[in-house]
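Chemist: Supplied structure: structure-v2.json, JSON, C-alpha atoms.
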```
[["chain", "number", "residue", "atom", "x", "y", "z"],
["F", 15, "MET", "CA", -22.68, -4.19, -7.90],
["F", 16, "SER", "CA", -19.45, -6.04, -7.58],
["F", 17, "THR", "CA", -21.14, -9.28, -6.64],
["F", 18, "THR", "CA", -22.54, -10.20, -10.05],
["F", 19, "ARG", "CA", -19.50, -11.40, -12.00],
["F", 20, "GLN", "CA", -16.50, -12.56, -10.03],
["F", 21, "LEU", "CA", -13.66, -14.98, -10.51],
["F", 22, "ALA", "CA", -13.51, -18.27, -8.63],
["F", 23, "MET", "CA", -11.49, -18.16, -5.41],
["F", 24, "SER", "CA", -8.81, -20.36, -7.00],
["F", 25, "SER", "CA", -8.28, -17.67, -9.66],
["F", 26, "TYR", "CA", -7.66, -15.09, -6.93],
["F", 27, "VAL", "CA", -5.09, -17.42, -5.37],
["F", 28, "GLY", "CA", -3.45, -17.55, -8.83],
["F", 29, "ILE", "CA", -3.42, -13.74, -8.92],
["F", 30, "GLY", "CA", -1.84, -13.68, -5.45],
["F", 31, "VAL", "CA", 0.86, -16.10, -6.61],
["F", 32, "GLY", "CA", 1.42, -13.96, -9.72],
["F", 33, "LEU", "CA", 1.90, -10.87, -7.55],
["F", 34, "MET", "CA", 4.41, -12.76, -5.41],
["F", 35, "VAL", "CA", 6.31, -13.76, -8.58],
["F", 36, "ILE", "CA", 6.58, -10.05, -9.50],
["F", 37, "VAL", "CA", 7.99, -9.39, -6.00],
["F", 38, "CYS", "CA", 10.61, -12.12, -6.62],
["F", 39, "ILE", "CA", 11.52, -10.46, -9.95],
["F", 40, "GLU", "CA", 11.95, -7.17, -8.07],
["F", 41, "VAL", "CA", 14.32, -8.84, -5.60],
["F", 42, "ILE", "CA", 16.34, -10.45, -8.42],
["F", 43, "LEU", "CA", 16.60, -7.07, -10.16],
["F", 44, "THR", "CA", 17.82, -5.49, -6.93],
["F", 45, "TYR", "CA", 20.85, -7.79, -6.85],
["F", 46, "GLN", "CA", 21.81, -7.09, -10.49],
["F", 47, "HIS", "CA", 23.56, -3.91, -9.23],
["F", 48, "LEU", "CA", 21.84, -1.63, -11.74],
["F", 49, "PRO", "CA", 22.40, 2.15, -11.62],
["F", 50, "THR", "CA", 20.16, 3.75, -8.97],
["F", 51, "ARG", "CA", 17.88, 5.55, -11.43],
["F", 52, "THR", "CA", 17.47, 2.46, -13.64],
["F", 53, "LEU", "CA", 16.65, 0.31, -10.60],
["F", 54, "LEU", "CA", 14.20, 2.91, -9.29],
["F", 55, "PHE", "CA", 12.46, 3.12, -12.67],
["F", 56, "SER", "CA", 12.29, -0.68, -13.04],
["F", 57, "LEU", "CA", 10.94, -1.18, -9.52],
["F", 58, "LEU", "CA", 8.36, 1.57, -10.02],
["F", 59, "CYS", "CA", 7.16, -0.03, -13.28],
["F", 60, "LEU", "CA", 6.81, -3.45, -11.62],
["F", 61, "ALA", "CA", 5.12, -1.96, -8.54],
["F", 62, "SER", "CA", 2.69, -0.07, -10.81],
["F", 63, "LEU", "CA", 1.86, -3.34, -12.60],
["F", 64, "GLU", "CA", 1.23, -5.00, -9.22],
["F", 65, "GLY", "CA", -0.89, -2.02, -8.15],
["F", 66, "PHE", "CA", -2.97, -2.18, -11.33],
["F", 67, "VAL", "CA", -3.66, -5.91, -10.85],
["F", 68, "ALA", "CA", -4.53, -5.33, -7.18],
["F", 69, "ILE", "CA", -6.93, -2.50, -8.01],
["F", 70, "MET", "CA", -8.66, -4.38, -10.83],
["F", 71, "TYR", "CA", -8.95, -7.81, -9.18],
["F", 72, "LEU", "CA", -8.44, -7.60, -5.40],
["F", 73, "MET", "CA", -10.33, -4.29, -5.08],
["F", 74, "GLN", "CA", -12.70, -5.62, -7.76],
["F", 75, "VAL", "CA", -12.87, -2.46, -9.86],
["F", 76, "LYS", "CA", -13.03, -4.71, -12.92],
["F", 77, "TYR", "CA", -16.50, -5.84, -11.78],
["F", 78, "GLU", "CA", -17.85, -2.37, -10.97],
["F", 79, "ARG", "CA", -19.47, -0.03, -13.47],
["F", 80, "PRO", "CA", -16.85, 1.49, -15.81],
["F", 81, "ILE", "CA", -17.88, 5.00, -14.70],
["F", 82, "LEU", "CA", -16.28, 4.31, -11.29],
["F", 83, "PHE", "CA", -12.94, 3.55, -12.95],
["F", 84, "TRP", "CA", -13.15, 6.55, -15.28],
["F", 85, "THR", "CA", -14.16, 8.92, -12.47],
["F", 86, "ILE", "CA", -11.48, 7.89, -10.01],
["F", 87, "PHE", "CA", -8.33, 6.86, -11.83],
["F", 88, "PRO", "CA", -7.60, 9.51, -14.48],
["F", 89, "VAL", "CA", -8.07, 12.22, -11.84],
["F", 90, "THR", "CA", -5.94, 10.42, -9.25],
["F", 91, "LEU", "CA", -3.18, 9.75, -11.79],
["F", 92, "PHE", "CA", -3.28, 13.42, -12.84],
["F", 93, "VAL", "CA", -2.90, 14.52, -9.20],
["F", 94, "LEU", "CA", -0.04, 12.07, -8.59],
["F", 95, "ILE", "CA", 1.81, 13.09, -11.75],
["F", 96, "PHE", "CA", 1.37, 16.76, -10.87],
["F", 97, "LEU", "CA", 2.60, 16.05, -7.36],
["F", 98, "ASN", "CA", 5.71, 14.52, -8.87],
["F", 99, "TYR", "CA", 6.05, 17.53, -11.21],
["F", 100, "LEU", "CA", 5.77, 20.06, -8.38],
["F", 101, "TRP", "CA", 8.11, 18.36, -5.91],
["F", 102, "PRO", "CA", 11.39, 19.32, -7.60],
["F", 103, "ASP", "CA", 10.17, 22.91, -7.62],
["F", 104, "ALA", "CA", 10.18, 22.78, -3.81],
["F", 105, "PHE", "CA", 14.01, 22.73, -3.95],
["F", 106, "ARG", "CA", 13.80, 26.42, -4.94],
["F", 107, "MET", "CA", 12.95, 27.11, -1.31],
["F", 108, "PHE", "CA", 16.53, 26.36, -0.32],
["F", 109, "ASN", "CA", 17.70, 29.34, -2.39],
["F", 110, "MET", "CA", 14.92, 31.77, -1.61],
["F", 111, "ARG", "CA", 15.76, 34.77, 0.55],
["F", 112, "LEU", "CA", 13.65, 37.72, 1.65],
["F", 113, "LEU", "CA", 14.53, 40.95, -0.15],
["F", 114, "GLN", "CA", 16.33, 43.40, 2.13],
["K", 140, "MET", "CA", -39.09, 11.20, -0.75],
["K", 141, "LEU", "CA", -37.61, 10.42, -4.17],
["K", 142, "MET", "CA", -34.02, 9.16, -3.98],
["K", 143, "GLU", "CA", -31.85, 8.96, -7.07],
["K", 144, "SER", "CA", -29.77, 5.82, -7.36],
["K", 145, "SER", "CA", -26.00, 6.21, -7.43],
["K", 146, "PRO", "CA", -24.59, 6.48, -10.97],
["K", 147, "TYR", "CA", -21.73, 4.28, -9.76],
["K", 148, "GLY", "CA", -24.04, 1.48, -8.66],
["K", 149, "ILE", "CA", -22.33, 1.20, -5.29],
["K", 150, "GLU", "CA", -23.43, 2.07, -1.79],
["K", 151, "LYS", "CA", -22.51, 5.48, -0.42],
["K", 152, "LYS", "CA", -20.25, 4.03, 2.28],
["K", 153, "LYS", "CA", -18.25, 2.25, -0.40],
["K", 154, "LEU", "CA", -18.02, 5.44, -2.45],
["K", 155, "GLY", "CA", -16.90, 7.23, 0.72],
["K", 156, "MET", "CA", -14.19, 4.62, 1.18],
["K", 157, "TRP", "CA", -13.02, 5.20, -2.39],
["K", 158, "VAL", "CA", -12.74, 8.94, -1.71],
["K", 159, "PHE", "CA", -10.75, 8.20, 1.44],
["K", 160, "ILE", "CA", -8.50, 5.81, -0.48],
["K", 161, "ILE", "CA", -7.77, 8.47, -3.12],
["K", 162, "SER", "CA", -6.83, 11.04, -0.47],
["K", 163, "ASP", "CA", -4.72, 8.48, 1.39],
["K", 164, "ALA", "CA", -3.00, 7.46, -1.85],
["K", 165, "CYS", "CA", -2.00, 11.11, -2.33],
["K", 166, "THR", "CA", -0.61, 11.23, 1.23],
["K", 167, "PHE", "CA", 1.52, 8.13, 0.66],
["K", 168, "ALA", "CA", 2.56, 9.40, -2.77],
["K", 169, "ALA", "CA", 3.75, 12.68, -1.25],
["K", 170, "PHE", "CA", 5.88, 10.78, 1.27],
["K", 171, "LEU", "CA", 7.27, 8.42, -1.36],
["K", 172, "PHE", "CA", 8.01, 11.17, -3.89],
["K", 173, "ALA", "CA", 9.86, 13.15, -1.20],
["K", 174, "TYR", "CA", 11.83, 10.04, -0.30],
["K", 175, "GLY", "CA", 12.53, 9.25, -3.96],
["K", 176, "TYR", "CA", 13.99, 12.69, -4.66],
["K", 177, "MET", "CA", 16.16, 12.59, -1.55],
["K", 178, "ARG", "CA", 17.27, 9.02, -2.28],
["K", 179, "VAL", "CA", 18.33, 9.78, -5.85],
["K", 180, "GLY", "CA", 19.71, 13.23, -4.99],
["K", 181, "ALA", "CA", 21.88, 12.22, -2.03],
["K", 182, "PRO", "CA", 25.51, 11.45, -2.97],
["K", 183, "VAL", "CA", 25.87, 8.93, -0.12],
["K", 184, "TRP", "CA", 22.84, 7.08, 1.17],
["K", 185, "GLY", "CA", 22.66, 4.33, 3.76],
["K", 186, "THR", "CA", 22.02, 0.78, 2.56],
["K", 187, "PRO", "CA", 21.32, -1.01, 5.81],
["K", 188, "PHE", "CA", 19.35, -4.02, 4.58],
["K", 189, "GLU", "CA", 21.20, -7.31, 4.44],
["K", 190, "PHE", "CA", 19.67, -10.22, 2.53],
["K", 191, "SER", "CA", 18.02, -11.47, 5.75],
["K", 192, "SER", "CA", 16.07, -8.20, 5.97],
["K", 193, "ILE", "CA", 15.01, -8.52, 2.33],
["K", 194, "LEU", "CA", 13.82, -12.07, 3.06],
["K", 195, "ASN", "CA", 11.92, -10.69, 6.05],
["K", 196, "GLY", "CA", 10.37, -8.07, 3.73],
["K", 197, "MET", "CA", 9.38, -10.80, 1.24],
["K", 198, "LEU", "CA", 7.79, -12.76, 4.07],
["K", 199, "MET", "CA", 5.89, -9.63, 5.14],
["K", 200, "THR", "CA", 4.71, -9.20, 1.53],
["K", 201, "ALA", "CA", 3.55, -12.84, 1.38],
["K", 202, "VAL", "CA", 1.70, -12.45, 4.70],
["K", 203, "LEU", "CA", -0.05, -9.26, 3.55],
["K", 204, "LEU", "CA", -0.95, -10.75, 0.15],
["K", 205, "SER", "CA", -2.36, -13.82, 1.90],
["K", 206, "SER", "CA", -4.40, -11.56, 4.16],
["K", 207, "SER", "CA", -5.87, -9.90, 1.06],
["K", 208, "LEU", "CA", -6.98, -13.33, -0.17],
["K", 209, "THR", "CA", -8.49, -14.24, 3.20],
["K", 210, "MET", "CA", -10.27, -10.87, 3.20],
["K", 211, "LEU", "CA", -11.71, -11.71, -0.22],
["K", 212, "ALA", "CA", -12.88, -15.05, 1.21],
["K", 213, "ALA", "CA", -14.52, -13.18, 4.12],
["K", 214, "VAL", "CA", -16.36, -10.84, 1.72],
["K", 215, "ARG", "CA", -17.47, -13.81, -0.40],
["K", 216, "ALA", "CA", -18.76, -15.64, 2.69],
["K", 217, "ALA", "CA", -20.57, -12.50, 3.93],
["K", 218, "GLN", "CA", -22.20, -12.02, 0.52],
["K", 219, "ALA", "CA", -23.28, -15.67, 0.58],
["K", 220, "GLY", "CA", -24.78, -15.09, 4.05],
["K", 221, "THR", "CA", -22.57, -17.66, 5.79],
["K", 222, "LYS", "CA", -21.85, -15.75, 8.97],
["K", 223, "ALA", "CA", -19.60, -18.34, 10.63],
["K", 224, "SER", "CA", -17.37, -18.60, 7.57],
["K", 225, "ALA", "CA", -17.17, -14.81, 7.19],
["K", 226, "ASN", "CA", -16.17, -14.43, 10.83],
["K", 227, "LYS", "CA", -13.57, -17.18, 10.49],
["K", 228, "TRP", "CA", -11.95, -15.49, 7.48],
["K", 229, "LEU", "CA", -12.10, -12.07, 9.14],
["K", 230, "GLY", "CA", -10.30, -13.61, 12.12],
["K", 231, "VAL", "CA", -7.62, -15.12, 9.89],
["K", 232, "THR", "CA", -7.17, -11.74, 8.16],
["K", 233, "MET", "CA", -6.73, -10.01, 11.53],
["K", 234, "LEU", "CA", -4.22, -12.66, 12.60],
["K", 235, "LEU", "CA", -2.20, -12.20, 9.40],
["K", 236, "GLY", "CA", -2.32, -8.42, 9.93],
["K", 237, "ALA", "CA", -0.98, -8.87, 13.45],
["K", 238, "ILE", "CA", 1.82, -11.16, 12.15],
["K", 239, "PHE", "CA", 2.72, -8.52, 9.56],
["K", 240, "ALA", "CA", 2.89, -5.85, 12.28],
["K", 241, "ALA", "CA", 5.08, -8.11, 14.46],
["K", 242, "LEU", "CA", 7.49, -8.79, 11.55],
["K", 243, "HIS", "CA", 7.57, -5.07, 10.84],
["K", 244, "LEU", "CA", 8.39, -4.18, 14.44],
["K", 245, "ARG", "CA", 11.10, -6.85, 14.49],
["K", 246, "GLU", "CA", 12.76, -5.10, 11.54],
["K", 247, "TRP", "CA", 12.41, -1.72, 13.25],
["K", 248, "PHE", "CA", 13.99, -2.95, 16.49],
["K", 249, "LYS", "CA", 16.82, -4.55, 14.53],
["K", 250, "LEU", "CA", 17.58, -1.22, 12.84],
["K", 251, "ILE", "CA", 17.29, 0.71, 16.11],
["K", 252, "GLY", "CA", 19.65, -1.83, 17.70],
["K", 253, "GLU", "CA", 22.17, -1.13, 14.92],
["K", 254, "GLY", "CA", 22.05, 2.58, 15.80],
["K", 255, "TRP", "CA", 19.66, 3.91, 13.15],
["K", 256, "ARG", "CA", 17.58, 6.81, 14.40],
["K", 257, "LEU", "CA", 15.16, 9.32, 12.87],
["K", 258, "PHE", "CA", 18.00, 11.81, 12.30],
["K", 259, "TYR", "CA", 21.11, 9.68, 12.62],
["K", 260, "ASN", "CA", 22.80, 7.38, 10.16],
["K", 261, "PRO", "CA", 25.43, 5.16, 11.87],
["K", 262, "THR", "CA", 27.17, 4.43, 8.54],
["K", 263, "GLY", "CA", 27.86, 8.13, 7.97],
["K", 264, "GLY", "CA", 25.57, 8.48, 4.94],
["K", 265, "ALA", "CA", 22.58, 10.78, 4.55],
["K", 266, "ALA", "CA", 20.82, 11.29, 7.88],
["K", 267, "GLN", "CA", 17.47, 11.48, 6.06],
["K", 268, "PHE", "CA", 17.36, 7.71, 5.64],
["K", 269, "GLY", "CA", 16.01, 7.18, 9.16],
["K", 270, "ALA", "CA", 13.48, 10.00, 8.84],
["K", 271, "THR", "CA", 12.10, 8.74, 5.53],
["K", 272, "PHE", "CA", 12.20, 5.03, 6.39],
["K", 273, "PHE", "CA", 10.58, 5.29, 9.82],
["K", 274, "SER", "CA", 7.96, 7.81, 8.69],
["K", 275, "VAL", "CA", 6.85, 5.94, 5.55],
["K", 276, "THR", "CA", 6.87, 2.47, 7.10],
["K", 277, "GLY", "CA", 5.42, 3.90, 10.34],
["K", 278, "LEU", "CA", 2.54, 5.45, 8.41],
["K", 279, "HIS", "CA", 1.92, 2.12, 6.71],
["K", 280, "LEU", "CA", 2.17, 0.21, 10.00],
["K", 281, "THR", "CA", -0.39, 2.61, 11.51],
["K", 282, "HIS", "CA", -2.74, 1.75, 8.65],
["K", 283, "VAL", "CA", -2.24, -1.99, 9.25],
["K", 284, "VAL", "CA", -2.85, -1.73, 13.00],
["K", 285, "THR", "CA", -5.89, 0.53, 12.43],
["K", 286, "GLY", "CA", -7.16, -1.98, 9.87],
["K", 287, "VAL", "CA", -6.83, -4.90, 12.29],
["K", 288, "ILE", "CA", -8.75, -2.95, 14.96],
["K", 289, "ALA", "CA", -11.40, -1.87, 12.42],
["K", 290, "LEU", "CA", -11.82, -5.45, 11.21],
["K", 291, "GLY", "CA", -12.34, -6.51, 14.83],
["K", 292, "PHE", "CA", -15.17, -3.99, 15.21],
["K", 293, "ILE", "CA", -16.68, -5.01, 11.86],
["K", 294, "ALA", "CA", -16.50, -8.72, 12.75],
["K", 295, "ARG", "CA", -18.14, -8.09, 16.12],
["K", 296, "GLY", "CA", -20.89, -5.92, 14.61],
["K", 297, "TYR", "CA", -21.47, -8.39, 11.79],
["K", 298, "ASN", "CA", -21.71, -11.23, 14.29],
["K", 299, "GLN", "CA", -24.25, -9.30, 16.38],
["K", 300, "GLY", "CA", -26.28, -8.37, 13.29],
["K", 301, "ARG", "CA", -25.60, -4.62, 13.55],
["K", 302, "TYR", "CA", -23.55, -4.68, 10.33],
["K", 303, "ASP", "CA", -24.25, -6.42, 7.03],
["K", 304, "GLU", "CA", -22.14, -7.75, 4.17],
["K", 305, "SER", "CA", -21.68, -4.25, 2.70],
["K", 306, "HIS", "CA", -19.74, -3.23, 5.82],
["K", 307, "VAL", "CA", -17.48, -6.26, 5.39],
["K", 308, "GLU", "CA", -17.00, -5.38, 1.71],
["K", 309, "THR", "CA", -16.14, -1.75, 2.52],
["K", 310, "ALA", "CA", -13.65, -2.84, 5.21],
["K", 311, "GLY", "CA", -12.17, -5.22, 2.63],
["K", 312, "LEU", "CA", -11.62, -2.35, 0.24],
["K", 313, "TYR", "CA", -9.56, -0.57, 2.89],
["K", 314, "TRP", "CA", -7.57, -3.73, 3.63],
["K", 315, "HIS", "CA", -6.71, -4.26, -0.05],
["K", 316, "PHE", "CA", -5.57, -0.65, -0.23],
["K", 317, "VAL", "CA", -3.16, -1.25, 2.66],
["K", 318, "ASP", "CA", -1.80, -4.20, 0.67],
["K", 319, "LEU", "CA", -1.58, -2.04, -2.47],
["K", 320, "VAL", "CA", 0.49, 0.60, -0.66],
["K", 321, "TRP", "CA", 2.92, -2.07, 0.58],
["K", 322, "MET", "CA", 3.54, -3.07, -3.06],
["K", 323, "PHE", "CA", 5.18, 0.34, -3.47],
["K", 324, "VAL", "CA", 6.71, 0.67, 0.01],
["K", 325, "PHE", "CA", 8.60, -2.66, -0.14],
["K", 326, "PRO", "CA", 10.55, -2.05, -3.38],
["K", 327, "LEU", "CA", 11.16, 1.63, -2.69],
["K", 328, "MET", "CA", 12.07, 1.50, 1.00],
["K", 329, "TYR", "CA", 13.64, -1.97, 1.27],
["K", 330, "LEU", "CA", 14.94, -3.06, -2.14],
["K", 331, "MET", "CA", 16.34, 0.38, -3.01],
["K", 332, "ASN", "CA", 18.34, 0.21, 0.24],
["K", 333, "ALA", "CA", 19.60, -3.36, -0.01],
["K", 334, "GLN", "CA", 23.30, -3.97, 0.53]]
```
Take the structure I supplied and represent it as structure tokens, if you would.
Modeler:
Amino acid sequence: MSTTRQLAMSSYVGIGVGLMVIVCIEVILTYQHLPTRTLLFSLLCLASLEGFVAIMYLMQVKYERPILFWTIFPVTLFVLIFLNYLWPDAFRMFNMRLLQ
Amino acid sequence: MLMESSPYGIEKKKLGMWVFIISDACTFAAFLFAYGYMRVGAPVWGTPFEFSSILNGMLMTAVLLSSSLTMLAAVRAAQAGTKASANKWLGVTMLLGAIFAALHLREWFKLIGEGWRLFYNPTGGAAQFGATFFSVTGLHLTHVVTGVIALGFIARGYNQGRYDESHVETAGLYWHFVDLVWMFVFPLMYLMNAQ
């Protein structure tokens, strides 16, 4: 169970502060006037880092059995990546017409 | 009757919450991917957020992150069996959730006051901005409000002895997920549209 090995509450506050620092970095990057795609990629990378920390420490997956992590996350990532892969294909719909 | 223990070592309600979280993550991802493609693909896109709105977004992030920490404190207190402390922290979490919702609505009303609508862009850019912004942030706001209500029920049940610490822990999992989603919504919906 997740109750056996946990960090002290002060460590979680440190993690919260760390996450807020990442948010500040995101805001600073926003005002560097980067190209849209570069900014999008940078923000996604930082958000993914924040998400990973939140899942491992706030949602306490780090303290669960490893099988939970290995059951949930590879599959979810696969679905999300495939979702991203299939979305551009949806643009084909704009050009599809019924055969007369 | 012989019952096999869970290979995951967690209670079934917590496993059920994980399954819900995965499906909900896919829902949010679908919305955000759709937004991302439209945002990058549109030649002219609205950038309505002044620095004051970004500051408001940072404040919302700080409030939600703080609520995650207070939720952790509530779970810790419930696991330690200190009912009064758990209820106190659940109350603080609900309060922070309500503050987040109020800040969110303030931003919405500001945009609506400037003329932004679901299918209208007052700056003349892509009309999809309103549709994507209000739907993604609205979906997230619905999760926050639902979470606050759910926490209220959990706190009441826990106080009356109908629920135990595992219910508080499962509710906490949902609350952290709401926080996790915001970590993607804020940079993609706010920072990508900053002036």
Chemist: Each residue of chain F lying at most 6 Å from chain K should get a row with its shortest atom-to-atom pair and the distance in Å to one decimal, counting all atoms listed in the file; could you produce that, ordered by chain and increasing number, as CSV?
Modeler:
```
residue,atom,partner,partner_atom,distance
F:Met15,CA,K:Gly148,CA,5.9
F:Ala61,CA,K:Phe323,CA,5.6
F:Gly65,CA,K:Leu319,CA,5.7
F:Met73,CA,K:Leu312,CA,5.8
F:Leu82,CA,K:Tyr147,CA,5.7
```
Chemist: What is the atom CA of Gly236 of chain K to atom CA of Met328 of chain K distance in Å?
Modeler: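 Distance between the two atoms: 19.6 Å.
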Chemist: Give me, please, the distance in Å between atom CA of Gly286 of chain K and atom CA of Thr232 of chain K, quoted to one decimal.
Modeler: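 Value for the atom CA of Gly286 of chain K-atom CA of Thr232 of chain K distance: 9.9 Å.
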Chemist: Have a look at K:Phe167, K:Phe272, K:Trp228, K:Gly220 and name the one nearest to Gly300 of chain K; count only C-alpha atoms.
Modeler: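 Nearest candidate to Gly300 of chain K out of K:Phe167, K:Phe272, K:Trp228, K:Gly220: K:Gly220.
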Chemist: Residues at most 12 Å from Val35 of chain F, counting all atoms listed in the file, excluding those fewer than 3 positions away in the same chain, as a compact mmCIF listing (two decimals) with C-alpha atoms, in the coordinates of the input?
Modeler:
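part-v5.txt was written with the following content:
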```txt
# COMPACT_ATOMS: atom_id res chain seq x y z
CA GLY F 28 -3.45 -17.55 -8.83
CA ILE F 29 -3.42 -13.74 -8.92
CA GLY F 30 -1.84 -13.68 -5.45
CA VAL F 31 0.86 -16.10 -6.61
CA GLY F 32 1.42 -13.96 -9.72
CA CYS F 38 10.61 -12.12 -6.62
CA ILE F 39 11.52 -10.46 -9.95
CA GLU F 40 11.95 -7.17 -8.07
CA VAL F 41 14.32 -8.84 -5.60
CA ILE F 42 16.34 -10.45 -8.42
CA LEU F 60 6.81 -3.45 -11.62
CA ALA F 61 5.12 -1.96 -8.54
CA GLU F 64 1.23 -5.00 -9.22
CA MET K 197 9.38 -10.80 1.24
CA THR K 200 4.71 -9.20 1.53
CA ALA K 201 3.55 -12.84 1.38
CA LEU K 204 -0.95 -10.75 0.15
```
Chemist: Atom CA of Ala270 of chain K and atom CA of Ile95 of chain F are how many Å apart?
Modeler: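 One can read the atom CA of Ala270 of chain K to atom CA of Ile95 of chain F distance as 23.9 Å.
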Chemist: Using all atoms listed in the file, which of K:Gly263, K:Gly155, K:Gly230, K:Gly254 sits nearest Trp184 of chain K?
Modeler: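 The answer is K:Gly263, which sits nearest to Trp184 of chain K.
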Chemist: So which one's closest to Arg295 of chain K, K:Leu234, K:Lys227, K:Tyr174, K:Gly252? Using all atoms listed in the file, please.
Modeler: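 Nearest to Arg295 of chain K: K:Lys227.
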Chemist: Which residue gives the smallest distance to Val284 of chain K among K:His243, K:Arg301, K:Lys151, K:Arg256, with all atoms listed in the file counted?
Modeler: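 So, comparing all the options, the nearest one is K:His243.
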Chemist: Could you check which of F:Leu54, F:Thr44, F:Val75, F:Pro102 is closest to Phe188 of chain K, using only C-alpha atoms?
Modeler: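 For Phe188 of chain K, the nearest of the candidates is F:Thr44.
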Chemist: Can you tell me, as a PDB file with C-alpha atoms, keeping the file's coordinate frame, what residues are no more than 10 Å from Ile238 of chain K when counting only C-alpha atoms, ignoring any on the same chain fewer than 5 positions away?
Modeler:
```pdb
ATOM      1  CA  MET K 199       5.890  -9.630   5.140  1.00  0.00           C
ATOM      2  CA  VAL K 202       1.700 -12.450   4.700  1.00  0.00           C
ATOM      3  CA  LEU K 203      -0.050  -9.260   3.550  1.00  0.00           C
ATOM      4  CA  THR K 232      -7.170 -11.740   8.160  1.00  0.00           C
ATOM      5  CA  MET K 233      -6.730 -10.010  11.530  1.00  0.00           C
ATOM      6  CA  HIS K 243       7.570  -5.070  10.840  1.00  0.00           C
ATOM      7  CA  LEU K 244       8.390  -4.180  14.440  1.00  0.00           C
TER       8      LEU K 244
END
```
Chemist: Just the residues within 8 Å of Lys222 of chain K, please, counting all atoms listed in the file, with nothing from its chain fewer than 3 positions along; format it as a list of chain:residue names.
Modeler: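 Listing them by chain and then by number gives K:Ala216, K:Ala217, K:Ala225, K:Asn226, K:Tyr297, K:Asn298.
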Chemist: Applying 12 Å and all atoms listed in the file, which residues near Thr281 of chain K remain after dropping the ones on its own chain fewer than 2 positions away? List them as a PyMOL selection string.
Modeler: chain K and resi 236-237+239-240+243-244+273-279+283-289+317
Chemist: May I ask which of the residues F:Pro88, F:Lys76, F:Leu94, F:Asp103 is the closest one to Gln20 of chain F, counting only C-alpha atoms?
Modeler: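 Result for the nearest residue to Gln20 of chain F: F:Lys76.
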Chemist: Could you write out as AutoDock Vina command-line options the box around segment 60-73 of chain F (axis-aligned, all atoms listed in the file, 3 Å on each side), with centre and edge lengths in Å to one decimal?
Modeler:
```
--center_x -1.8 --center_y -3.9 --center_z -8.8 --size_x 23.1 --size_y 13.7 --size_z 13.5
```
Chemist: Could you add whatever atoms are missing so that segment 23-33 of chain F carries N, CA, C and O atoms, then write the result as an mmCIF file, in the coordinates of the input?
Modeler:
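Listed below is the output, rebuild18.cif:
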```cif
data_model
loop_
_atom_site.group_PDB
_atom_site.id
_atom_site.type_symbol
_atom_site.label_atom_id
_atom_site.label_comp_id
_atom_site.auth_asym_id
_atom_site.auth_seq_id
_atom_site.Cartn_x
_atom_site.Cartn_y
_atom_site.Cartn_z
ATOM 1 N N MET F 23 -12.502 -18.432 -6.439
ATOM 2 C CA MET F 23 -11.490 -18.160 -5.410
ATOM 3 C C MET F 23 -10.109 -18.671 -5.836
ATOM 4 O O MET F 23 -9.095 -18.042 -5.539
ATOM 5 N N SER F 24 -10.104 -19.811 -6.565
ATOM 6 C CA SER F 24 -8.810 -20.360 -7.000
ATOM 7 C C SER F 24 -8.102 -19.399 -7.963
ATOM 8 O O SER F 24 -6.872 -19.299 -7.970
ATOM 9 N N SER F 25 -8.888 -18.649 -8.751
ATOM 10 C CA SER F 25 -8.280 -17.670 -9.660
ATOM 11 C C SER F 25 -7.621 -16.541 -8.884
ATOM 12 O O SER F 25 -6.562 -16.036 -9.257
ATOM 13 N N TYR F 26 -8.264 -16.142 -7.765
ATOM 14 C CA TYR F 26 -7.660 -15.090 -6.930
ATOM 15 C C TYR F 26 -6.362 -15.578 -6.298
ATOM 16 O O TYR F 26 -5.415 -14.798 -6.143
ATOM 17 N N VAL F 27 -6.342 -16.863 -5.925
ATOM 18 C CA VAL F 27 -5.090 -17.420 -5.370
ATOM 19 C C VAL F 27 -4.003 -17.344 -6.457
ATOM 20 O O VAL F 27 -2.857 -16.976 -6.177
ATOM 21 N N GLY F 28 -4.392 -17.652 -7.708
ATOM 22 C CA GLY F 28 -3.450 -17.550 -8.830
ATOM 23 C C GLY F 28 -2.939 -16.117 -8.991
ATOM 24 O O GLY F 28 -1.739 -15.898 -9.227
ATOM 25 N N ILE F 29 -3.829 -15.152 -8.826
ATOM 26 C CA ILE F 29 -3.420 -13.740 -8.920
ATOM 27 C C ILE F 29 -2.444 -13.400 -7.791
ATOM 28 O O ILE F 29 -1.423 -12.731 -8.012
ATOM 29 N N GLY F 30 -2.737 -13.910 -6.589
ATOM 30 C CA GLY F 30 -1.840 -13.680 -5.450
ATOM 31 C C GLY F 30 -0.453 -14.265 -5.719
ATOM 32 O O GLY F 30 0.573 -13.621 -5.446
ATOM 33 N N VAL F 31 -0.430 -15.467 -6.287
ATOM 34 C CA VAL F 31 0.860 -16.100 -6.610
ATOM 35 C C VAL F 31 1.587 -15.277 -7.679
ATOM 36 O O VAL F 31 2.801 -15.037 -7.586
ATOM 37 N N GLY F 32 0.837 -14.797 -8.661
ATOM 38 C CA GLY F 32 1.420 -13.960 -9.720
ATOM 39 C C GLY F 32 2.047 -12.692 -9.138
ATOM 40 O O GLY F 32 3.154 -12.288 -9.531
ATOM 41 N N LEU F 33 1.362 -12.083 -8.187
ATOM 42 C CA LEU F 33 1.900 -10.870 -7.550
ATOM 43 C C LEU F 33 3.187 -11.192 -6.785
ATOM 44 O O LEU F 33 4.147 -10.414 -6.804
#
```
